[in-house]
$ cat data06.txt   # compact mmCIF, C-alpha atoms
# COMPACT_ATOMS: atom_id res chain seq x y z
CA MET Y 1 -17.57 -7.62 -15.61
CA GLY Y 2 -15.09 -7.97 -18.45
CA ALA Y 3 -11.43 -7.05 -18.65
CA CYS Y 4 -10.35 -4.25 -16.38
CA CYS Y 5 -9.03 -1.88 -19.03
CA GLY Y 6 -10.97 1.35 -18.76
CA CYS Y 7 -13.10 0.24 -15.84
CA THR Y 8 -12.87 0.75 -12.10
CA PRO Y 9 -14.40 -1.65 -9.59
CA THR Y 10 -16.97 -0.38 -7.14
CA PRO Y 11 -16.75 -2.60 -4.06
CA SER Y 12 -19.97 -2.31 -2.09
CA SER Y 13 -21.85 -3.82 0.83
CA ALA Y 14 -19.12 -2.97 3.34
CA ARG Y 15 -19.43 -4.81 6.62
CA SER Y 16 -17.18 -4.84 9.64
CA ALA Y 17 -15.01 -7.90 10.18
CA CYS Y 18 -13.70 -6.76 13.57
CA ALA Y 19 -13.05 -3.54 15.42
CA GLY Y 20 -10.27 -3.16 16.54
CA SER Y 21 13.15 6.39 5.98
CA PRO Y 22 13.55 6.60 2.51
CA GLY Y 23 17.08 6.40 1.12
CA ARG Y 24 19.36 4.02 2.95
CA ALA Y 25 17.81 0.62 3.52
CA ARG Y 26 18.82 -2.67 5.07
CA SER Y 27 17.89 -6.27 4.42
CA TRP Y 28 18.01 -9.15 6.85
CA SER Y 29 17.23 -12.84 6.93
CA THR Y 30 15.97 -15.03 9.75
CA THR Y 31 15.89 -18.63 10.86
CA PRO Y 32 12.57 -20.23 11.85
CA SER Y 33 13.24 -19.02 15.40
CA SER Y 34 13.60 -15.44 14.05
CA SER Y 35 17.21 -14.92 15.08
CA MET Y 36 19.00 -12.47 12.79
CA LEU Y 37 21.74 -13.88 10.56
CA SER Y 38 23.08 -10.77 8.87
CA ILE Y 39 22.56 -7.12 7.98
CA SER Y 40 23.55 -5.96 4.51
CA GLU Y 41 23.82 -2.40 3.24
CA VAL Y 42 21.95 -1.83 -0.02
CA PRO Y 43 22.11 1.07 -2.50
CA GLY Y 44 20.25 4.22 -1.53
CA ALA Y 45 16.78 4.70 -2.95
CA GLY Y 46 16.79 8.48 -3.13
CA ASP Y 47 13.49 9.98 -2.03
CA VAL Y 48 11.46 6.77 -2.48
CA ALA Y 49 10.59 4.46 0.42
CA TRP Y 50 10.30 1.04 -1.21
CA GLY Y 51 8.00 -1.65 0.17
CA ALA Y 52 4.71 0.25 0.39
CA ALA Y 53 3.28 -2.79 -1.41
CA ILE Y 54 4.71 -6.00 -2.85
CA MET Y 55 3.05 -8.16 -5.47
CA GLU Y 56 4.33 -11.57 -6.50
CA HIS Y 57 3.87 -12.45 -10.15
CA GLU Y 58 5.06 -15.42 -12.18
CA ASP Y 59 7.48 -13.26 -14.15
CA ALA Y 60 8.70 -10.92 -11.37
CA THR Y 61 8.25 -9.59 -7.87
CA TYR Y 62 6.85 -6.06 -8.10
CA VAL Y 63 7.81 -3.63 -5.35
CA TYR Y 64 5.92 -0.36 -5.02
CA GLY Y 65 7.48 2.64 -3.32
CA VAL Y 66 6.21 6.02 -2.20
CA GLU Y 67 7.89 9.34 -2.74
CA ASP Y 68 6.58 11.25 0.28
CA ARG Y 69 6.45 15.02 -0.18
CA GLY Y 70 4.26 15.67 2.83
CA SER Y 71 0.81 16.40 1.50
CA ASP Y 72 1.88 15.10 -1.94
CA LYS Y 73 2.68 11.41 -2.23
CA HIS Y 74 3.72 9.75 -5.49
CA LEU Y 75 3.86 6.05 -6.37
CA HIS Y 76 6.91 4.39 -7.95
CA LEU Y 77 7.50 0.82 -9.13
CA ALA Y 78 10.45 -1.55 -9.20
CA LYS Y 79 10.71 -5.23 -10.06
CA ALA Y 80 13.07 -8.12 -9.43
CA PRO Y 81 13.32 -11.60 -10.96
CA PRO Y 82 11.37 -14.28 -9.07
CA GLY Y 83 13.22 -15.19 -5.87
CA ALA Y 84 15.66 -12.29 -6.14
CA VAL Y 85 13.86 -9.44 -4.40
CA HIS Y 86 16.46 -9.54 -1.60
CA ASP Y 87 19.21 -8.67 -4.11
CA ARG Y 88 18.91 -4.99 -4.99
CA SER Y 89 21.52 -5.38 -7.75
CA GLN Y 90 18.85 -7.27 -9.73
CA TRP Y 91 16.14 -4.63 -9.35
CA SER Y 92 14.82 -2.59 -12.28
CA TYR Y 93 12.94 0.68 -11.87
CA ARG Y 94 10.02 1.90 -13.91
CA THR Y 95 10.85 5.03 -15.88
CA ALA Y 96 8.79 7.24 -18.17
CA ASN Y 97 9.84 5.11 -21.15
CA GLY Y 98 10.58 1.65 -19.80
CA TRP Y 99 12.89 0.18 -17.14
CA SER Y 100 16.29 1.15 -15.75
CA THR Y 101 18.72 -0.42 -13.29
CA ASP Y 102 19.43 3.02 -11.81
CA PRO Y 103 17.06 3.88 -8.91
CA GLN Y 104 17.53 7.56 -9.63
CA ASP Y 105 15.70 7.04 -12.95
CA SER Y 106 12.52 5.87 -11.20
CA ALA Y 107 9.48 7.84 -12.39
CA ARG Y 108 6.18 8.64 -10.70
CA ILE Y 109 3.38 6.37 -11.94
CA THR Y 110 0.47 7.93 -10.00
CA ASP Y 111 -0.22 10.04 -6.94
CA GLY Y 112 -2.69 10.49 -4.09
CA VAL Y 113 -1.51 7.27 -2.40
CA ALA Y 114 -0.65 6.47 1.21
CA ASN Y 115 2.61 5.15 2.61
CA GLU Y 116 1.03 1.70 2.80
CA LEU Y 117 -1.25 0.35 0.06
CA SER Y 118 -1.95 -2.84 -1.87
CA VAL Y 119 -1.84 -3.97 -5.48
CA GLN Y 120 -3.27 -7.30 -6.60
CA PRO Y 121 -4.46 -9.08 -9.74
CA TYR Y 122 -8.08 -8.27 -10.51
CA ASP Y 123 -10.41 -8.93 -13.43
CA GLY Y 124 -7.68 -9.37 -16.03
CA GLY Y 125 -5.63 -6.45 -14.72
CA TYR Y 126 -4.64 -5.02 -11.35
CA LEU Y 127 -6.41 -3.38 -8.43
CA LEU Y 128 -4.83 -0.74 -6.19
CA VAL Y 129 -6.39 0.04 -2.78
CA THR Y 130 -5.17 2.99 -0.71
CA SER Y 131 -6.20 5.72 1.65
CA ASP Y 132 -6.96 8.83 -0.37
CA THR Y 133 -4.22 11.35 0.44
CA ARG Y 134 -5.36 13.98 -2.04
CA GLU Y 135 -7.12 15.56 0.93
CA LEU Y 136 -5.20 15.88 4.22
CA PHE Y 137 -6.35 13.29 6.78
CA SER Y 138 -9.18 12.13 4.55
CA PRO Y 139 -11.15 9.16 5.98
CA ASP Y 140 -11.81 7.88 2.46
CA MET Y 141 -10.39 4.71 0.94
CA VAL Y 142 -10.26 4.41 -2.82
CA ALA Y 143 -9.64 1.78 -5.50
CA ARG Y 144 -8.04 2.22 -8.91
CA THR Y 145 -7.47 -0.26 -11.74
CA ALA Y 146 -4.83 -0.69 -14.41
CA CYS Y 147 -4.05 -3.23 -17.11
CA PRO Y 148 -0.26 -3.55 -16.48
CA PRO Y 149 1.28 -3.33 -12.98
CA ALA Y 150 2.79 0.07 -13.81
CA GLY Y 151 -0.47 1.63 -14.99
CA PRO Y 152 -1.71 3.97 -16.29
CA TRP Y 153 -4.12 3.87 -13.35
CA GLY Y 154 -7.77 4.75 -13.74
CA GLU Y 155 -9.68 7.32 -11.73
CA ALA Y 156 -9.87 6.78 -7.97
CA GLN Y 157 -13.26 5.49 -6.85
CA LEU Y 158 -14.51 5.63 -3.27
CA VAL Y 159 -14.96 2.19 -1.69
CA TYR Y 160 -15.26 2.98 2.03
CA THR Y 161 -15.20 5.90 4.47
CA ALA Y 162 -13.82 5.22 7.94
CA PRO Y 163 -16.29 6.27 10.66
CA GLU Y 164 -13.69 7.01 13.37
CA PRO Y 165 -12.26 10.39 12.23
CA GLY Y 166 -13.81 13.36 13.98
CA GLU Y 167 -14.18 11.45 17.26
CA ASP Y 168 -11.59 12.36 19.91
CA GLU Y 169 -9.37 13.92 17.22
CA ARG Y 170 -8.95 10.52 15.57
CA PHE Y 171 -7.75 9.94 12.03
CA ALA Y 172 -7.54 6.92 9.71
CA TYR Y 173 -4.68 6.08 7.38
CA ASN Y 174 -2.74 3.43 5.39
CA ALA Y 175 -5.66 1.38 4.06
CA HIS Y 176 -4.81 -1.71 2.03
CA ALA Y 177 -6.30 -5.04 1.03
CA HIS Y 178 -5.19 -8.52 2.13
CA PRO Y 179 -5.93 -10.89 -0.77
CA GLY Y 180 -3.49 -13.56 0.38
CA LEU Y 181 -5.00 -14.38 3.77
CA PRO Y 182 -6.11 -18.02 4.14
CA GLY Y 183 -9.81 -18.54 3.59
CA ALA Y 184 -10.25 -15.29 1.68
CA ASP Y 185 -13.49 -15.08 -0.29
CA PRO Y 186 -12.67 -14.42 -3.97
CA ASP Y 187 -15.79 -12.25 -4.21
CA GLU Y 188 -14.79 -10.08 -1.28
CA LEU Y 189 -11.97 -7.73 -0.43
CA LEU Y 190 -10.64 -7.70 3.13
CA VAL Y 191 -9.29 -4.20 3.80
CA SER Y 192 -7.49 -2.97 6.89
CA TYR Y 193 -6.76 0.57 7.97
CA ASN Y 194 -5.03 2.17 10.93
CA VAL Y 195 -6.54 4.59 13.45
CA ASN Y 196 -4.73 7.03 15.73
CA THR Y 197 -5.48 10.29 17.51
CA PHE Y 198 -3.82 13.68 17.92
CA ASP Y 199 -4.91 13.63 21.59
CA SER Y 200 -1.94 11.87 23.23
CA ASP Y 201 -3.52 11.92 26.71
CA ARG Y 202 -6.60 10.09 25.44
CA LEU Y 203 -4.39 7.65 23.53
CA PHE Y 204 -2.48 6.66 26.66
CA ALA Y 205 -5.74 6.39 28.58
CA THR Y 206 -7.38 4.31 25.83
CA PRO Y 207 -4.63 2.48 23.91
CA SER Y 208 -7.22 0.43 22.01
CA ILE Y 209 -7.73 3.51 19.82
CA TYR Y 210 -4.41 2.70 18.18
CA ARG Y 211 -5.45 -0.57 16.54
CA PRO Y 212 -6.08 -1.63 12.96
CA ARG Y 213 -9.66 -1.99 11.79
CA PHE Y 214 -10.90 -4.43 9.15
CA VAL Y 215 -13.84 -4.30 6.75
CA ARG Y 216 -15.03 -6.71 4.09
CA LEU Y 217 -16.06 -5.18 0.77
CA ARG Y 218 -18.11 -7.07 -1.80
CA LEU Y 219 -16.51 -6.95 -5.25
CA PRO Y 220 -18.80 -6.53 -8.29
$ encode --input "data06.txt" --output "structure tokens"
Amino acid sequence: MGACCGCTPTPSSARSACAGSPGRARSWSTTPSSSMLSISEVPGAGDVAWGAAIMEHEDATYVYGVEDRGSDKHLHLAKAPPGAVHDRSQWSYRTANGWSTDPQDSARITDGVANELSVQPYDGGYLLVTSDTRELFSPDMVARTACPPAGPWGEAQLVYTAPEPGEDERFAYNAHAHPGLPGADPDELLVSYNVNTFDSDRLFATPSIYRPRFVRLRLP
């Protein structure tokens, strides 16, 4: 396959690997023993919850955020210089025409995403993997491609449908890929998703319901 512009990948041959608040934000740092050193207030982010996905690039750290309107969820993008993602004063926010240092100028770059997702380099461009939220509680996971990190993003293409929904009032959500795990196969995509149930009695009786699941998808 050539450059990604105008094309969408169609991961196939799925196989199981194992079963199994916007606005005010805070940052913190840790020692190797994970003891907290400090808590710092950072500027409000309006209606966008930043950190739905983070992608390191040689020129910047890209931070994706989700504007959650219930059944409508919209993706936003910010960036920081390499090594400066902890300093919100150095963030820039994608707007309709470029970049701005004002978070209130942040513009929607696509929709139909979940509150957790992933974006990674792929085939000369970028690959977004997310649960499909265009339909409420959809079990579908989709992939979209773009040439720059901000899009425009191509049409969503189905890559996997979780089998758990419909059983014991279960639902699947927050699918995303894990390209950075050690030993990852460059020809495969390791995708996780969460499962829960609306039946709280069954959940307490069978807590293993509430575990992430993983599947491996073969990239074309």
$ closest_residue --input "data06.txt" --among "Y:Val119, Y:Leu136, Y:Leu190, Y:Val215" --to "Tyr62 in chain Y" --atoms "all atoms listed in the file"
Y:Val119
$ residues_around --input "data06.txt" --residues "range 198-207 of chain Y" --least-positions-apart "5" --cutoff "12 Å" --atoms "all atoms listed in the file" --output "PyMOL selection string"
chain Y and resi 20+137+165-172+212
$ closest_residue --input "data06.txt" --among "Y:Thr145, Y:Asn196, Y:Ser131, Y:Thr61" --to "Trp91 in chain Y" --atoms "all atoms listed in the file"
Y:Thr61
$ atom_distance --input "data06.txt" --atom1 "CA of Leu219 in chain Y" --atom2 "CA of Glu188 in chain Y"
5.3 Å
$ atom_distance --input "data06.txt" --atom1 "CA of Gly98 in chain Y" --atom2 "CA of Pro148 in chain Y"
12.5 Å
$ residues_around --input "data06.txt" --residues "Val66 in chain Y" --least-positions-apart "6" --cutoff "9 Å" --atoms "only C-alpha atoms" --output "list in words"
Pro22, Asp47, Val48, Ala49, Trp50, Gly51, Ala52, Lys73, His74, Leu75, His76, Leu77, Arg108, Asp111, Val113, Ala114, Asn115 and Glu116 of chain Y
$ atom_distance --input "data06.txt" --atom1 "CA of Val85 in chain Y" --atom2 "CA of His178 in chain Y"
20.2 Å
$ residues_around --input "data06.txt" --residues "Leu128 in chain Y" --least-positions-apart "6" --cutoff "10 Å" --atoms "all atoms listed in the file" --output "NGL selection string"
:Y and (53 or 113 or 117-122 or 142-146 or 149 or 153-154 or 156 or 176-177)
$ closest_residue --input "data06.txt" --among "Y:Gly151, Y:Ile54, Y:Gln104, Y:Arg216" --to "Glu67 in chain Y" --atoms "all atoms listed in the file"
Y:Gln104
$ closest_residue --input "data06.txt" --among "Y:Val159, Y:Ala78, Y:Met55, Y:Leu127" --to "Asp105 in chain Y" --atoms "only C-alpha atoms"
Y:Ala78
$ closest_residue --input "data06.txt" --among "Y:Arg134, Y:Lys79, Y:Arg69, Y:Arg211" --to "Trp99 in chain Y" --atoms "all atoms listed in the file"
Y:Lys79
$ closest_residue --input "data06.txt" --among "Y:Gln157, Y:Gly46, Y:Ser138, Y:Gly83" --to "Asp102 in chain Y" --atoms "only C-alpha atoms"
Y:Gly46
$ build_atoms --input "data06.txt" --residues "range 185-196 of chain Y" --atoms "all heavy atoms" --output "PDB file, in the coordinates of the input"
ATOM      1  N   ASP Y 185     -12.404 -14.903   0.670  1.00  0.00           N
ATOM      2  CA  ASP Y 185     -13.490 -15.080  -0.290  1.00  0.00           C
ATOM      3  C   ASP Y 185     -13.110 -14.369  -1.581  1.00  0.00           C
ATOM      4  O   ASP Y 185     -12.834 -13.167  -1.562  1.00  0.00           O
ATOM      5  CB  ASP Y 185     -14.779 -14.490   0.292  1.00  0.00           C
ATOM      6  CG  ASP Y 185     -16.003 -14.775  -0.577  1.00  0.00           C
ATOM      7  OD1 ASP Y 185     -15.842 -14.904  -1.798  1.00  0.00           O
ATOM      8  OD2 ASP Y 185     -17.111 -14.850  -0.020  1.00  0.00           O
ATOM      9  N   PRO Y 186     -13.080 -15.067  -2.722  1.00  0.00           N
ATOM     10  CA  PRO Y 186     -12.670 -14.420  -3.970  1.00  0.00           C
ATOM     11  C   PRO Y 186     -13.624 -13.309  -4.409  1.00  0.00           C
ATOM     12  O   PRO Y 186     -13.263 -12.482  -5.246  1.00  0.00           O
ATOM     13  CB  PRO Y 186     -12.653 -15.566  -4.984  1.00  0.00           C
ATOM     14  CG  PRO Y 186     -13.555 -16.601  -4.408  1.00  0.00           C
ATOM     15  CD  PRO Y 186     -13.400 -16.498  -2.929  1.00  0.00           C
ATOM     16  N   ASP Y 187     -14.831 -13.291  -3.860  1.00  0.00           N
ATOM     17  CA  ASP Y 187     -15.790 -12.250  -4.210  1.00  0.00           C
ATOM     18  C   ASP Y 187     -15.778 -11.089  -3.232  1.00  0.00           C
ATOM     19  O   ASP Y 187     -16.579 -10.160  -3.346  1.00  0.00           O
ATOM     20  CB  ASP Y 187     -17.206 -12.835  -4.273  1.00  0.00           C
ATOM     21  CG  ASP Y 187     -17.355 -13.868  -5.376  1.00  0.00           C
ATOM     22  OD1 ASP Y 187     -16.738 -13.680  -6.432  1.00  0.00           O
ATOM     23  OD2 ASP Y 187     -18.066 -14.860  -5.159  1.00  0.00           O
ATOM     24  N   GLU Y 188     -14.886 -11.153  -2.259  1.00  0.00           N
ATOM     25  CA  GLU Y 188     -14.790 -10.080  -1.280  1.00  0.00           C
ATOM     26  C   GLU Y 188     -13.367  -9.552  -1.190  1.00  0.00           C
ATOM     27  O   GLU Y 188     -12.418 -10.215  -1.604  1.00  0.00           O
ATOM     28  CB  GLU Y 188     -15.208 -10.573   0.109  1.00  0.00           C
ATOM     29  CG  GLU Y 188     -16.690 -10.857   0.261  1.00  0.00           C
ATOM     30  CD  GLU Y 188     -17.061 -11.210   1.683  1.00  0.00           C
ATOM     31  OE1 GLU Y 188     -16.159 -11.622   2.459  1.00  0.00           O
ATOM     32  OE2 GLU Y 188     -18.242 -11.090   2.020  1.00  0.00           O
ATOM     33  N   LEU Y 189     -13.258  -8.361  -0.649  1.00  0.00           N
ATOM     34  CA  LEU Y 189     -11.970  -7.730  -0.430  1.00  0.00           C
ATOM     35  C   LEU Y 189     -11.873  -7.415   1.062  1.00  0.00           C
ATOM     36  O   LEU Y 189     -12.714  -6.699   1.605  1.00  0.00           O
ATOM     37  CB  LEU Y 189     -11.898  -6.432  -1.243  1.00  0.00           C
ATOM     38  CG  LEU Y 189     -10.522  -5.857  -1.562  1.00  0.00           C
ATOM     39  CD1 LEU Y 189      -9.722  -6.833  -2.421  1.00  0.00           C
ATOM     40  CD2 LEU Y 189     -10.670  -4.529  -2.294  1.00  0.00           C
ATOM     41  N   LEU Y 190     -10.886  -8.002   1.731  1.00  0.00           N
ATOM     42  CA  LEU Y 190     -10.640  -7.700   3.130  1.00  0.00           C
ATOM     43  C   LEU Y 190      -9.656  -6.539   3.192  1.00  0.00           C
ATOM     44  O   LEU Y 190      -8.520  -6.650   2.729  1.00  0.00           O
ATOM     45  CB  LEU Y 190     -10.085  -8.911   3.864  1.00  0.00           C
ATOM     46  CG  LEU Y 190      -9.755  -8.698   5.345  1.00  0.00           C
ATOM     47  CD1 LEU Y 190     -11.015  -8.362   6.144  1.00  0.00           C
ATOM     48  CD2 LEU Y 190      -9.063  -9.930   5.925  1.00  0.00           C
ATOM     49  N   VAL Y 191     -10.094  -5.424   3.755  1.00  0.00           N
ATOM     50  CA  VAL Y 191      -9.290  -4.200   3.800  1.00  0.00           C
ATOM     51  C   VAL Y 191      -9.052  -3.811   5.246  1.00  0.00           C
ATOM     52  O   VAL Y 191      -9.979  -3.815   6.069  1.00  0.00           O
ATOM     53  CB  VAL Y 191     -10.001  -3.047   3.061  1.00  0.00           C
ATOM     54  CG1 VAL Y 191      -9.202  -1.746   3.186  1.00  0.00           C
ATOM     55  CG2 VAL Y 191     -10.192  -3.402   1.592  1.00  0.00           C
ATOM     56  N   SER Y 192      -7.811  -3.484   5.558  1.00  0.00           N
ATOM     57  CA  SER Y 192      -7.490  -2.970   6.890  1.00  0.00           C
ATOM     58  C   SER Y 192      -7.086  -1.502   6.775  1.00  0.00           C
ATOM     59  O   SER Y 192      -6.659  -1.035   5.716  1.00  0.00           O
ATOM     60  CB  SER Y 192      -6.348  -3.766   7.527  1.00  0.00           C
ATOM     61  OG  SER Y 192      -5.127  -3.513   6.859  1.00  0.00           O
ATOM     62  N   TYR Y 193      -7.263  -0.799   7.888  1.00  0.00           N
ATOM     63  CA  TYR Y 193      -6.760   0.570   7.970  1.00  0.00           C
ATOM     64  C   TYR Y 193      -6.380   0.855   9.412  1.00  0.00           C
ATOM     65  O   TYR Y 193      -6.846   0.190  10.339  1.00  0.00           O
ATOM     66  CB  TYR Y 193      -7.777   1.589   7.448  1.00  0.00           C
ATOM     67  CG  TYR Y 193      -9.094   1.635   8.199  1.00  0.00           C
ATOM     68  CD1 TYR Y 193      -9.327   2.582   9.195  1.00  0.00           C
ATOM     69  CD2 TYR Y 193     -10.133   0.747   7.893  1.00  0.00           C
ATOM     70  CE1 TYR Y 193     -10.539   2.635   9.875  1.00  0.00           C
ATOM     71  CE2 TYR Y 193     -11.347   0.797   8.565  1.00  0.00           C
ATOM     72  CZ  TYR Y 193     -11.539   1.742   9.553  1.00  0.00           C
ATOM     73  OH  TYR Y 193     -12.736   1.793  10.223  1.00  0.00           O
ATOM     74  N   ASN Y 194      -5.510   1.816   9.602  1.00  0.00           N
ATOM     75  CA  ASN Y 194      -5.030   2.170  10.930  1.00  0.00           C
ATOM     76  C   ASN Y 194      -5.804   3.371  11.466  1.00  0.00           C
ATOM     77  O   ASN Y 194      -6.273   4.216  10.697  1.00  0.00           O
ATOM     78  CB  ASN Y 194      -3.545   2.509  10.899  1.00  0.00           C
ATOM     79  CG  ASN Y 194      -2.697   1.344  10.440  1.00  0.00           C
ATOM     80  OD1 ASN Y 194      -3.068   0.191  10.636  1.00  0.00           O
ATOM     81  ND2 ASN Y 194      -1.568   1.637   9.833  1.00  0.00           N
ATOM     82  N   VAL Y 195      -5.894   3.453  12.785  1.00  0.00           N
ATOM     83  CA  VAL Y 195      -6.540   4.590  13.450  1.00  0.00           C
ATOM     84  C   VAL Y 195      -5.605   5.098  14.541  1.00  0.00           C
ATOM     85  O   VAL Y 195      -4.995   4.307  15.267  1.00  0.00           O
ATOM     86  CB  VAL Y 195      -7.901   4.198  14.052  1.00  0.00           C
ATOM     87  CG1 VAL Y 195      -8.497   5.362  14.847  1.00  0.00           C
ATOM     88  CG2 VAL Y 195      -8.868   3.769  12.959  1.00  0.00           C
ATOM     89  N   ASN Y 196      -5.511   6.401  14.670  1.00  0.00           N
ATOM     90  CA  ASN Y 196      -4.730   7.030  15.730  1.00  0.00           C
ATOM     91  C   ASN Y 196      -5.449   8.319  16.126  1.00  0.00           C
ATOM     92  O   ASN Y 196      -6.488   8.655  15.555  1.00  0.00           O
ATOM     93  CB  ASN Y 196      -3.300   7.302  15.265  1.00  0.00           C
ATOM     94  CG  ASN Y 196      -2.306   7.346  16.417  1.00  0.00           C
ATOM     95  OD1 ASN Y 196      -2.684   7.577  17.566  1.00  0.00           O
ATOM     96  ND2 ASN Y 196      -1.046   7.129  16.116  1.00  0.00           N
TER      97      ASN Y 196
END
